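Data block for entry_20.cif (mmCIF, C-alpha atoms (C1' of nucleotides)):
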```
data_start
#
loop_
_atom_site.label_atom_id
_atom_site.label_comp_id
_atom_site.auth_asym_id
_atom_site.auth_seq_id
_atom_site.Cartn_x
_atom_site.Cartn_y
_atom_site.Cartn_z
CA MET O 23 278.69 70.32 206.44
CA SER O 24 282.34 70.76 207.29
CA LEU O 25 283.36 67.46 208.81
CA PRO O 26 283.75 65.60 205.49
CA HIS O 27 285.93 68.45 204.24
CA ALA O 28 288.02 68.42 207.37
CA ILE O 29 288.62 64.73 206.76
CA LEU O 30 289.44 65.25 203.09
CA THR O 31 292.00 67.89 204.07
CA ALA O 32 293.58 65.61 206.64
CA LEU O 33 293.71 62.70 204.20
CA LEU O 34 295.30 64.85 201.50
CA GLU O 35 297.95 65.93 203.96
CA LYS O 36 298.55 62.24 204.65
CA PRO O 37 296.52 59.06 203.94
CA SER O 38 295.48 57.45 207.21
CA SER O 39 293.26 54.92 208.92
CA GLY O 40 290.32 55.89 211.09
CA LEU O 41 292.25 55.79 214.31
CA GLU O 42 295.22 57.68 212.92
CA LEU O 43 292.80 60.36 211.75
CA THR O 44 291.25 60.51 215.20
CA ARG O 45 294.69 61.03 216.72
CA ARG O 46 295.68 63.67 214.21
CA PHE O 47 292.41 65.50 214.79
CA ASP O 48 293.16 65.57 218.48
CA LYS O 49 296.37 67.46 217.99
CA SER O 50 296.00 69.51 214.84
CA ILE O 51 292.84 69.95 212.77
CA GLY O 52 290.72 69.31 215.83
CA TYR O 53 291.95 72.59 217.30
CA PHE O 54 289.41 74.34 215.11
CA TRP O 55 287.19 71.44 214.01
CA SER O 56 286.92 68.77 216.66
CA ALA O 57 285.47 65.32 215.99
CA THR O 58 285.09 62.07 217.88
CA HIS O 59 286.21 58.77 216.43
CA GLN O 60 282.61 57.72 215.87
CA GLN O 61 281.95 60.76 213.73
CA ILE O 62 285.08 60.06 211.76
CA TYR O 63 284.33 56.41 211.05
CA ARG O 64 280.80 57.21 210.00
CA GLU O 65 281.98 59.96 207.70
CA LEU O 66 284.71 57.79 206.19
CA GLY O 67 282.00 55.29 205.27
CA LYS O 68 279.92 57.99 203.58
CA LEU O 69 282.88 59.49 201.75
CA GLU O 70 283.83 56.08 200.42
CA ALA O 71 280.25 55.36 199.35
CA ASP O 72 280.20 58.70 197.53
CA GLY O 73 283.39 57.87 195.67
CA LEU O 74 285.45 60.71 197.15
CA ILE O 75 287.97 58.49 198.92
CA ARG O 76 288.99 54.83 198.74
CA THR O 77 290.75 52.33 200.95
CA LEU O 78 294.39 51.86 200.11
CA PRO O 79 294.77 48.45 198.52
CA ALA O 80 297.12 45.70 199.77
CA GLU O 81 295.29 45.41 203.09
CA GLN O 82 292.21 43.29 203.66
CA PRO O 83 289.40 45.10 205.48
CA ALA O 84 288.57 42.71 208.30
CA ARG O 85 287.12 43.85 211.59
CA GLY O 86 289.80 44.97 214.00
CA GLN O 87 292.10 45.31 211.01
CA ARG O 88 293.42 48.75 210.15
CA LYS O 89 292.10 50.19 206.94
CA SER O 90 293.80 53.20 205.34
CA TYR O 91 292.11 55.72 203.10
CA GLU O 92 293.34 58.06 200.38
CA VAL O 93 291.55 60.86 198.54
CA LEU O 94 290.34 60.30 194.98
CA PRO O 95 290.37 63.07 192.33
CA ALA O 96 286.64 63.61 192.87
CA GLY O 97 287.36 64.20 196.55
CA ARG O 98 290.03 66.77 195.86
CA ALA O 99 287.70 68.55 193.44
CA GLU O 100 284.91 68.61 196.01
CA LEU O 101 287.28 70.05 198.62
CA ALA O 102 288.44 72.77 196.23
CA ARG O 103 284.82 73.62 195.39
CA TRP O 104 283.85 73.83 199.06
CA THR O 105 286.90 75.90 199.99
CA ALA O 106 286.13 78.52 197.36
CA ALA O 107 282.36 78.61 197.99
CA SER O 108 280.97 81.57 199.91
CA GLN O 109 279.70 80.62 203.38
CA GLU O 110 277.86 82.47 206.09
CA PRO O 111 279.78 82.74 209.36
CA LYS O 112 277.81 80.80 211.91
CA PRO O 113 276.80 82.95 214.86
CA LEU O 114 278.81 82.76 218.07
CA ARG O 115 277.48 80.48 220.80
CA ASP O 116 279.29 80.68 224.07
CA ALA O 117 277.86 79.33 227.31
CA LEU O 118 280.30 81.22 229.53
CA LEU O 119 279.14 84.60 228.27
CA LEU O 120 275.57 83.45 228.72
CA ARG O 121 276.29 82.47 232.32
CA LEU O 122 277.77 85.87 233.02
CA ARG O 123 274.66 87.48 231.68
CA ALA O 124 272.56 85.18 233.85
CA ALA O 125 274.75 86.06 236.82
CA ALA O 126 273.75 89.70 236.36
CA VAL O 127 270.24 88.53 237.27
CA VAL O 128 270.67 85.64 239.73
CA GLY O 129 274.01 86.56 241.29
CA THR O 130 277.62 85.55 240.76
CA ALA O 131 277.85 82.98 243.56
CA GLY O 132 280.05 80.07 242.52
CA LEU O 133 280.96 81.46 239.12
CA GLY O 134 284.41 82.77 240.03
CA ASP O 135 285.88 79.31 240.50
CA ASP O 136 284.87 78.20 237.04
CA LEU O 137 286.20 81.43 235.54
CA ARG O 138 289.56 80.69 237.12
CA ARG O 139 289.44 77.14 235.80
CA HIS O 140 288.69 78.36 232.29
CA LEU O 141 291.50 80.86 232.51
CA GLU O 142 293.87 78.04 233.34
CA LEU O 143 292.65 75.93 230.44
CA HIS O 144 293.08 78.80 227.99
CA GLU O 145 296.53 79.58 229.35
CA ARG O 146 297.51 75.96 228.77
CA GLN O 147 296.11 75.97 225.25
CA LEU O 148 297.94 79.19 224.48
CA ALA O 149 301.21 77.72 225.71
CA GLU O 150 300.63 74.66 223.53
CA TYR O 151 300.05 76.80 220.45
CA GLN O 152 303.16 78.83 221.11
CA GLU O 153 305.12 75.60 221.48
CA ILE O 154 303.85 74.47 218.09
CA GLU O 155 304.69 77.82 216.55
CA LYS O 156 308.26 77.64 217.80
CA ARG O 157 308.63 74.05 216.62
CA ASP O 158 306.87 74.15 213.23
CA PHE O 159 307.35 77.71 212.05
CA PRO O 160 310.91 78.90 212.62
CA PRO O 161 311.86 82.23 210.95
CA GLY O 162 313.00 80.88 207.58
CA LYS O 163 310.01 78.60 206.98
CA ASP O 164 307.69 80.73 204.86
CA GLY O 165 306.67 78.96 201.67
CA PRO O 166 303.05 79.46 200.57
CA GLN O 167 301.86 76.36 202.46
CA ASP O 168 303.72 77.35 205.60
CA ARG O 169 302.32 80.87 205.50
CA LEU O 170 298.74 79.61 205.26
CA GLN O 171 299.13 77.09 208.04
CA HIS O 172 300.91 79.64 210.18
CA LEU O 173 298.02 82.03 209.61
CA VAL O 174 295.61 79.48 211.01
CA LEU O 175 297.82 78.90 214.02
CA ARG O 176 298.04 82.67 214.56
CA ALA O 177 294.25 82.78 214.76
CA GLY O 178 294.39 80.17 217.51
CA ILE O 179 297.07 82.06 219.39
CA ASP O 180 295.26 85.38 219.11
CA LEU O 181 291.98 83.82 220.20
CA GLU O 182 293.53 82.28 223.29
CA THR O 183 295.28 85.55 224.01
CA PHE O 184 291.92 87.29 223.86
CA TRP O 185 290.28 84.77 226.20
CA THR O 186 293.03 84.83 228.81
CA GLY O 187 293.04 88.62 228.77
CA TRP O 188 289.27 88.86 228.98
CA LEU O 189 289.00 86.26 231.76
CA ARG O 190 291.64 88.07 233.82
CA HIS O 191 289.72 91.27 233.37
CA ALA O 192 286.48 89.52 234.36
CA LEU O 193 288.08 88.17 237.54
CA GLU O 194 289.27 91.66 238.46
CA GLU O 195 285.73 92.96 238.07
CA PHE O 196 284.45 90.09 240.18
CA ALA O 197 286.86 90.96 242.95
CA GLU O 198 285.37 94.47 243.14
CA LEU O 199 281.77 93.28 243.10
CA PRO O 200 279.90 93.50 246.43
CA GLY O 201 278.24 90.07 246.68
CA ALA O 202 280.76 88.12 244.63
CA ASP O 203 282.36 85.00 246.01
CA PRO O 204 285.88 85.70 247.26
CA ALA O 205 289.01 83.99 245.96
CA MET G 21 271.81 72.45 227.34
CA SER G 22 272.01 76.22 227.37
CA LEU G 23 268.98 77.33 225.42
CA PRO G 24 266.50 76.88 228.29
CA HIS G 25 268.80 78.91 230.52
CA ALA G 26 269.17 81.64 227.92
CA ILE G 27 265.38 81.86 227.85
CA LEU G 28 265.10 81.91 231.63
CA THR G 29 267.61 84.76 231.76
CA ALA G 30 265.70 86.73 229.14
CA LEU G 31 262.39 86.15 230.90
CA LEU G 32 263.81 87.25 234.23
CA GLU G 33 265.06 90.42 232.62
CA LYS G 34 261.53 90.93 231.33
CA PRO G 35 258.48 88.61 230.95
CA SER G 36 257.64 88.21 227.28
CA SER G 37 255.75 86.26 224.66
CA GLY G 38 257.41 83.90 222.21
CA LEU G 39 257.72 86.48 219.50
CA GLU G 40 259.01 89.17 221.79
CA LEU G 41 261.66 86.73 223.00
CA THR G 42 262.63 85.97 219.42
CA ARG G 43 263.06 89.69 218.74
CA ARG G 44 265.05 90.26 221.89
CA PHE G 45 267.29 87.31 221.07
CA ASP G 46 267.98 88.86 217.68
CA LYS G 47 269.39 92.00 219.18
CA SER G 48 270.83 91.07 222.54
CA ILE G 49 271.19 87.58 224.00
CA GLY G 50 271.38 86.12 220.52
CA TYR G 51 274.74 87.83 220.04
CA PHE G 52 276.27 85.00 221.99
CA TRP G 53 273.47 82.42 222.01
CA SER G 54 271.40 82.57 218.87
CA ALA G 55 268.06 80.82 218.53
CA THR G 56 265.27 80.65 215.97
CA HIS G 57 261.65 81.22 216.89
CA GLN G 58 260.90 77.51 216.50
CA GLN G 59 263.54 76.61 219.04
CA ILE G 60 262.15 79.20 221.41
CA TYR G 61 258.52 78.08 221.17
CA ARG G 62 259.48 74.47 221.65
CA GLU G 63 261.60 75.30 224.64
CA LEU G 64 258.91 77.50 226.19
CA GLY G 65 256.57 74.52 226.02
CA LYS G 66 259.09 72.28 227.78
CA LEU G 67 259.92 74.88 230.43
CA GLU G 68 256.23 75.30 231.18
CA ALA G 69 255.68 71.54 231.35
CA ASP G 70 258.61 71.31 233.79
CA GLY G 71 257.10 73.97 236.03
CA LEU G 72 259.95 76.47 235.59
CA ILE G 73 257.85 79.17 233.93
CA ARG G 74 254.14 79.90 233.55
CA THR G 75 251.94 81.94 231.27
CA LEU G 76 250.96 85.27 232.68
CA PRO G 77 247.28 85.05 233.57
CA ALA G 78 244.56 87.46 232.30
CA GLU G 79 245.09 86.35 228.69
CA GLN G 80 243.48 83.33 227.11
CA PRO G 81 245.89 81.15 225.19
CA ALA G 82 244.20 80.78 221.82
CA ARG G 83 246.12 80.16 218.64
CA GLY G 84 247.37 83.37 217.05
CA GLN G 85 246.89 85.00 220.44
CA ARG G 86 249.95 86.32 222.24
CA LYS G 87 250.87 84.40 225.34
CA SER G 88 253.31 85.91 227.84
CA TYR G 89 255.52 83.93 230.18
CA GLU G 90 257.13 84.68 233.51
CA VAL G 91 259.71 82.72 235.50
CA LEU G 92 258.61 80.74 238.57
CA PRO G 93 260.80 80.36 241.68
CA ALA G 94 261.82 76.88 240.53
CA GLY G 95 263.03 78.41 237.28
CA ARG G 96 265.13 81.02 239.01
CA ALA G 97 266.63 78.33 241.25
CA GLU G 98 267.48 76.18 238.24
CA LEU G 99 269.14 79.13 236.51
CA ALA G 100 271.21 79.92 239.60
CA ARG G 101 272.25 76.27 239.85
CA TRP G 102 273.27 76.13 236.20
CA THR G 103 275.15 79.42 236.35
CA ALA G 104 277.28 78.27 239.25
CA ALA G 105 277.88 74.74 237.94
CA SER G 106 281.27 73.99 236.44
CA GLN G 107 281.16 73.43 232.69
CA GLU G 108 283.67 72.34 230.10
CA PRO G 109 284.37 74.93 227.42
CA LYS G 110 283.18 73.44 224.16
CA PRO G 111 285.95 73.20 221.61
CA LEU G 112 286.19 75.82 218.88
CA ARG G 113 284.64 74.97 215.52
CA ASP G 114 285.29 77.44 212.79
CA ALA G 115 284.75 76.63 209.13
CA LEU G 116 286.78 79.60 207.87
CA LEU G 117 289.94 78.41 209.58
CA LEU G 118 289.29 74.95 208.20
CA ARG G 119 288.95 76.37 204.70
CA LEU G 120 292.27 78.14 205.03
CA ARG G 121 293.90 74.94 206.07
CA ALA G 122 292.29 73.21 203.09
CA ALA G 123 293.51 76.02 200.86
CA ALA G 124 297.06 75.19 201.87
CA VAL G 125 296.47 71.87 200.07
CA VAL G 126 294.10 72.62 197.18
CA GLY G 127 294.92 76.28 196.53
CA THR G 128 293.47 79.62 197.51
CA ALA G 129 291.49 80.30 194.34
CA GLY G 130 288.21 82.03 195.14
CA LEU G 131 288.82 82.30 198.86
CA GLY G 132 289.90 85.94 198.94
CA ASP G 133 286.46 87.25 198.05
CA ASP G 134 284.81 85.45 200.91
CA LEU G 135 287.51 86.64 203.31
CA ARG G 136 286.76 90.21 202.29
CA ARG G 137 283.05 89.59 202.78
CA HIS G 138 283.63 88.17 206.26
CA LEU G 139 285.82 91.14 207.10
CA GLU G 140 282.98 93.46 206.18
CA LEU G 141 280.48 91.50 208.28
CA HIS G 142 282.76 91.59 211.30
CA GLU G 143 283.42 95.29 210.85
CA ARG G 144 279.69 95.90 210.82
CA GLN G 145 279.15 93.78 213.93
CA LEU G 146 281.96 95.61 215.71
CA ALA G 147 280.41 98.97 214.86
CA GLU G 148 277.05 97.75 216.20
CA TYR G 149 278.61 96.65 219.48
CA GLN G 150 280.40 99.97 219.87
CA GLU G 151 277.12 101.74 219.22
CA ILE G 152 275.47 99.71 221.99
CA GLU G 153 278.36 100.42 224.33
CA LYS G 154 278.06 104.17 223.78
CA ARG G 155 274.28 104.05 224.24
CA ASP G 156 273.90 101.62 227.16
CA PHE G 157 277.09 102.05 229.15
CA PRO G 158 277.96 105.72 229.55
CA PRO G 159 280.79 106.51 232.02
CA GLY G 160 278.72 106.78 235.20
CA LYS G 161 276.67 103.61 234.69
CA ASP G 162 278.58 101.04 236.74
CA GLY G 163 276.34 99.24 239.22
CA PRO G 164 277.00 95.51 239.66
CA GLN G 165 274.49 94.56 236.97
CA ASP G 166 275.88 97.10 234.53
CA ARG G 167 279.42 95.94 235.10
CA LEU G 168 278.55 92.33 234.36
CA GLN G 169 276.57 93.14 231.25
CA HIS G 170 279.31 95.49 230.09
CA LEU G 171 281.83 92.71 230.58
CA VAL G 172 279.87 90.48 228.22
CA LEU G 173 279.65 93.25 225.65
CA ARG G 174 283.41 93.82 225.96
CA ALA G 175 283.96 90.18 225.05
CA GLY G 176 281.92 90.74 221.90
CA ILE G 177 283.86 93.88 221.03
CA ASP G 178 287.22 92.25 221.63
CA LEU G 179 286.25 89.17 219.62
CA GLU G 180 285.19 91.25 216.64
CA THR G 181 288.34 93.31 216.99
CA PHE G 182 290.35 90.11 216.84
CA TRP G 183 288.53 88.87 213.76
CA THR G 184 288.81 92.09 211.80
CA GLY G 185 292.50 92.32 212.63
CA TRP G 186 293.16 88.72 211.74
CA LEU G 187 291.20 88.87 208.49
CA ARG G 188 293.09 92.00 207.40
CA HIS G 189 296.34 90.23 208.14
CA ALA G 190 295.17 87.16 206.20
CA LEU G 191 294.30 89.32 203.18
CA GLU G 192 297.76 90.89 203.26
CA GLU G 193 299.32 87.44 203.24
CA PHE G 194 297.07 86.47 200.35
CA ALA G 195 298.22 89.47 198.36
CA GLU G 196 301.81 88.26 198.64
CA LEU G 197 301.04 84.66 197.73
CA PRO G 198 302.12 83.58 194.22
CA GLY G 199 298.99 81.82 192.93
CA ALA G 200 296.43 83.72 194.98
CA ASP G 201 293.50 85.41 193.30
CA PRO G 202 294.08 89.16 193.01
CA ALA G 203 291.82 91.80 194.53
"C1'" DC J 113 298.15 28.09 225.38
"C1'" DC J 114 294.87 31.00 227.35
"C1'" DC J 115 293.62 35.22 229.30
"C1'" DG J 116 293.38 40.01 230.17
"C1'" DG J 117 294.54 44.51 228.40
"C1'" DT J 118 295.12 47.40 224.32
"C1'" DT J 119 294.17 48.69 219.57
"C1'" DG J 120 290.96 49.50 215.98
"C1'" DT J 121 286.36 49.58 213.93
"C1'" DG J 122 281.73 50.22 214.17
"C1'" DC J 123 276.32 50.23 215.39
"C1'" DA J 124 272.33 52.32 217.81
"C1'" DA J 125 270.08 55.57 220.33
"C1'" DC J 126 269.86 60.06 221.79
"C1'" DT J 127 270.16 65.34 221.93
"C1'" DA J 128 270.42 69.82 219.88
"C1'" DG J 129 269.63 72.69 216.22
"C1'" DT J 130 267.64 73.79 211.39
"C1'" DT J 131 264.29 74.12 207.66
"C1'" DG J 132 260.00 74.22 205.71
"C1'" DC J 133 255.51 74.61 206.21
"C1'" DA J 134 250.62 75.09 208.51
"C1'" DT J 135 247.37 77.67 210.92
"C1'" DA J 136 244.80 81.32 213.02
"C1'" DA J 137 243.78 85.77 214.61
"C1'" DA J 138 244.08 90.92 213.88
"C1'" DC J 139 244.75 94.88 210.98
"C1'" DG J 140 243.80 97.92 207.51
"C1'" DC J 141 241.73 99.34 203.39
"C1'" DC J 142 238.86 100.20 199.43
"C1'" DG W 30 232.14 93.36 204.65
"C1'" DG W 31 235.27 90.69 202.17
"C1'" DC W 32 240.43 90.15 201.25
"C1'" DG W 33 245.30 90.37 201.34
"C1'" DT W 34 249.10 91.29 204.71
"C1'" DT W 35 251.21 91.12 209.00
"C1'" DT W 36 251.59 89.13 213.57
"C1'" DA W 37 251.94 85.10 216.34
"C1'" DT W 38 252.19 80.27 217.41
"C1'" DG W 39 253.36 75.86 216.39
"C1'" DC W 40 254.16 70.83 214.12
"C1'" DA W 41 257.06 67.56 211.44
"C1'" DA W 42 260.95 66.11 209.25
"C1'" DC W 43 265.64 66.50 208.78
"C1'" DT W 44 270.83 67.14 209.82
"C1'" DA W 45 274.76 67.25 212.76
"C1'" DG W 46 276.94 65.90 216.74
"C1'" DT W 47 277.27 63.03 221.20
"C1'" DT W 48 277.19 59.01 224.21
"C1'" DG W 49 277.33 54.41 225.32
"C1'" DC W 50 278.38 50.25 224.12
"C1'" DA W 51 279.77 45.94 221.24
"C1'" DC W 52 283.09 43.22 219.09
"C1'" DA W 53 287.11 41.41 216.77
"C1'" DA W 54 292.07 41.03 216.40
"C1'" DC W 55 296.57 41.45 218.40
"C1'" DC W 56 300.10 41.44 222.05
"C1'" DG W 57 302.42 40.10 226.17
"C1'" DG W 58 302.88 37.48 230.55
"C1'" DG W 59 302.38 33.55 233.55
#
```
If you convert what's in this file into structure tokens, what do you get?
Amino acid sequence: MSLPHAILTALLEKPSSGLELTRRFDKSIGYFWSATHQQIYRELGKLEADGLIRTLPAEQPARGQRKSYEVLPAGRAELARWTAASQEPKPLRDALLLRLRAAAVVGTAGLGDDLRRHLELHERQLAEYQEIEKRDFPPGKDGPQDRLQHLVLRAGIDLETFWTGWLRHALEEFAELPGADPA
Amino acid sequence: MSLPHAILTALLEKPSSGLELTRRFDKSIGYFWSATHQQIYRELGKLEADGLIRTLPAEQPARGQRKSYEVLPAGRAELARWTAASQEPKPLRDALLLRLRAAAVVGTAGLGDDLRRHLELHERQLAEYQEIEKRDFPPGKDGPQDRLQHLVLRAGIDLETFWTGWLRHALEEFAELPGADPA
DNA sequence: CCCGGTTGTGCAACTAGTTGCATAAACGCC
DNA sequence: GGCGTTTATGCAACTAGTTGCACAACCGGG
């Protein structure tokens, strides 16, 4: 049950319409909690029905007409409650690791290409994060809010660093394997 | 669509009944693709209906009676196909990072405790992985199968290492924050 | 002015995963 | 030899997330 809270956070950072939210998810919050526009619209409807957000006045809500939302006090309270509440970490689920395990049984044919592709994707993501770090968190910028947001970004950077390193290592191993597909 | 393939992999490693599979998931494959017993039973039914696995003969399939499955050639072929097929990495979704981002807006009250709890969980998981590494992958054991399985385990170890490191760093930052809850 | 592309909102149906419970055999024990 | 516990299998209902599509308004060009 994290999507509503992701939306509340985004709306507190800045009131937005459904499409604006979708865009902001794509290049910020979505890095660690992705959502499609359909999910977002549906959730906005529920949050409004529950009295946690409301449409900004001064705009009529016709179809094809942008509708902006802001968080109500009840919404902020709910977000604070959820943030402080203890939660179990949900177990890892990664198809690539599973495929490697399967490859130990049925062979590695064809897997190398996709490993290389994933490596490239992770390298690109890492570069993007580092770009953001340079842009949004220059040396002096270290107020409480900045530190927390930077911490989250650091997690992204470290994760991508792990993946690129691990994938490179995996490809080396592949190269030494007898039946593996060649580069 | 990875659960059926996780089950096929497990069954190829060793034919098993539903409950045995559940147990093995809990302490091996489940580390990177978790599943409950209900998911497993349902999926076994589908896989059998699709002709990818079959019950081992010589045991009648009464209720409350163990029923063992083995993989048919079609199942092995399907697993090989899936392993080699290119797949998009599914985007990261991590509630803890989201909560930190929310905390930047609504405050960090109460969050520190849960961070410490997560740190402990990850430390325990890391220790378990290292135990497995020492037990199952001693220096000489490096056939192709061993190397691949070791590679997967390394990913687990490195991931937990990342998390413990990051969480410790996060707790340090928390300690320096003005309004943060004290240890 | 009307027509095709773009922007913005949304419904409906589907898939995957979770939770809670039902059922039956087998095991041991007093 | 009946009785509670453990082992084993499974159904049904629910929740979260995905996919495909519909539809209205608006914008610019011929």
>> Which residues, named as in the file, does the PyMOL selection byres ((chain O) within 7 of (chain G)) pick out? Answer as a count of residues only.
In response: 39
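CA of Thr186 in chain O is positioned 27.6 Å from C1' of DG46 in chain W.
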> What gap, in Å, lies between CA of Glu70 in chain O and CA of Ser90 in chain O?
Replying inline: 11.5 Å
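Selection check: the PyMOL selection byres ((chain W) within 10 of (chain G)) on the shown file gives W:DT36, W:DA37, W:DT38, W:DG39, W:DC40.
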>> Using all atoms listed in the file and a distance of at most 9 Å, pull out the residues of chain J that contact chain O, as a PyMOL selection string.
In response: chain J and resi 119-122
>> For a test of reading the model, state the distance in Å between CA of Glu151 in chain G and CA of Leu31 in chain G, rounded to one decimal.
In response: 24.4 Å
Enclose the full set of atoms of range 145-154 of chain O listed in the file within a box whose edges lie along x, y and z, apply 5 Å of padding to each of the six sides, and report centre and edge lengths in Å to one decimal as lines of an AutoDock Vina configuration file.
```
center_x = 300.6
center_y = 77.0
center_z = 223.7
size_x = 19.0
size_y = 15.1
size_z = 21.3
```
>> Which residues, named as in the file, does the PyMOL selection byres ((chain W and resi 30) around 12) pick out? Answer as a ChimeraX atom specification.
In response: /J:141-142 /W:31-32
>> Taking 5 positions as the minimum chain separation for residues in the same chain, which residues sit within 10 Å of DT48 in chain W when counting only C-alpha atoms (C1' of nucleotides)? Answer as number ranges by chain.
In response: J: 125-127
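Proximity to DG117 in chain J at 12 Å, evaluated using only C-alpha atoms (C1' of nucleotides) and with sequence-adjacent residues fewer than 6 positions away removed, yields DC55, DC56, DG57 and DG58 of chain W.
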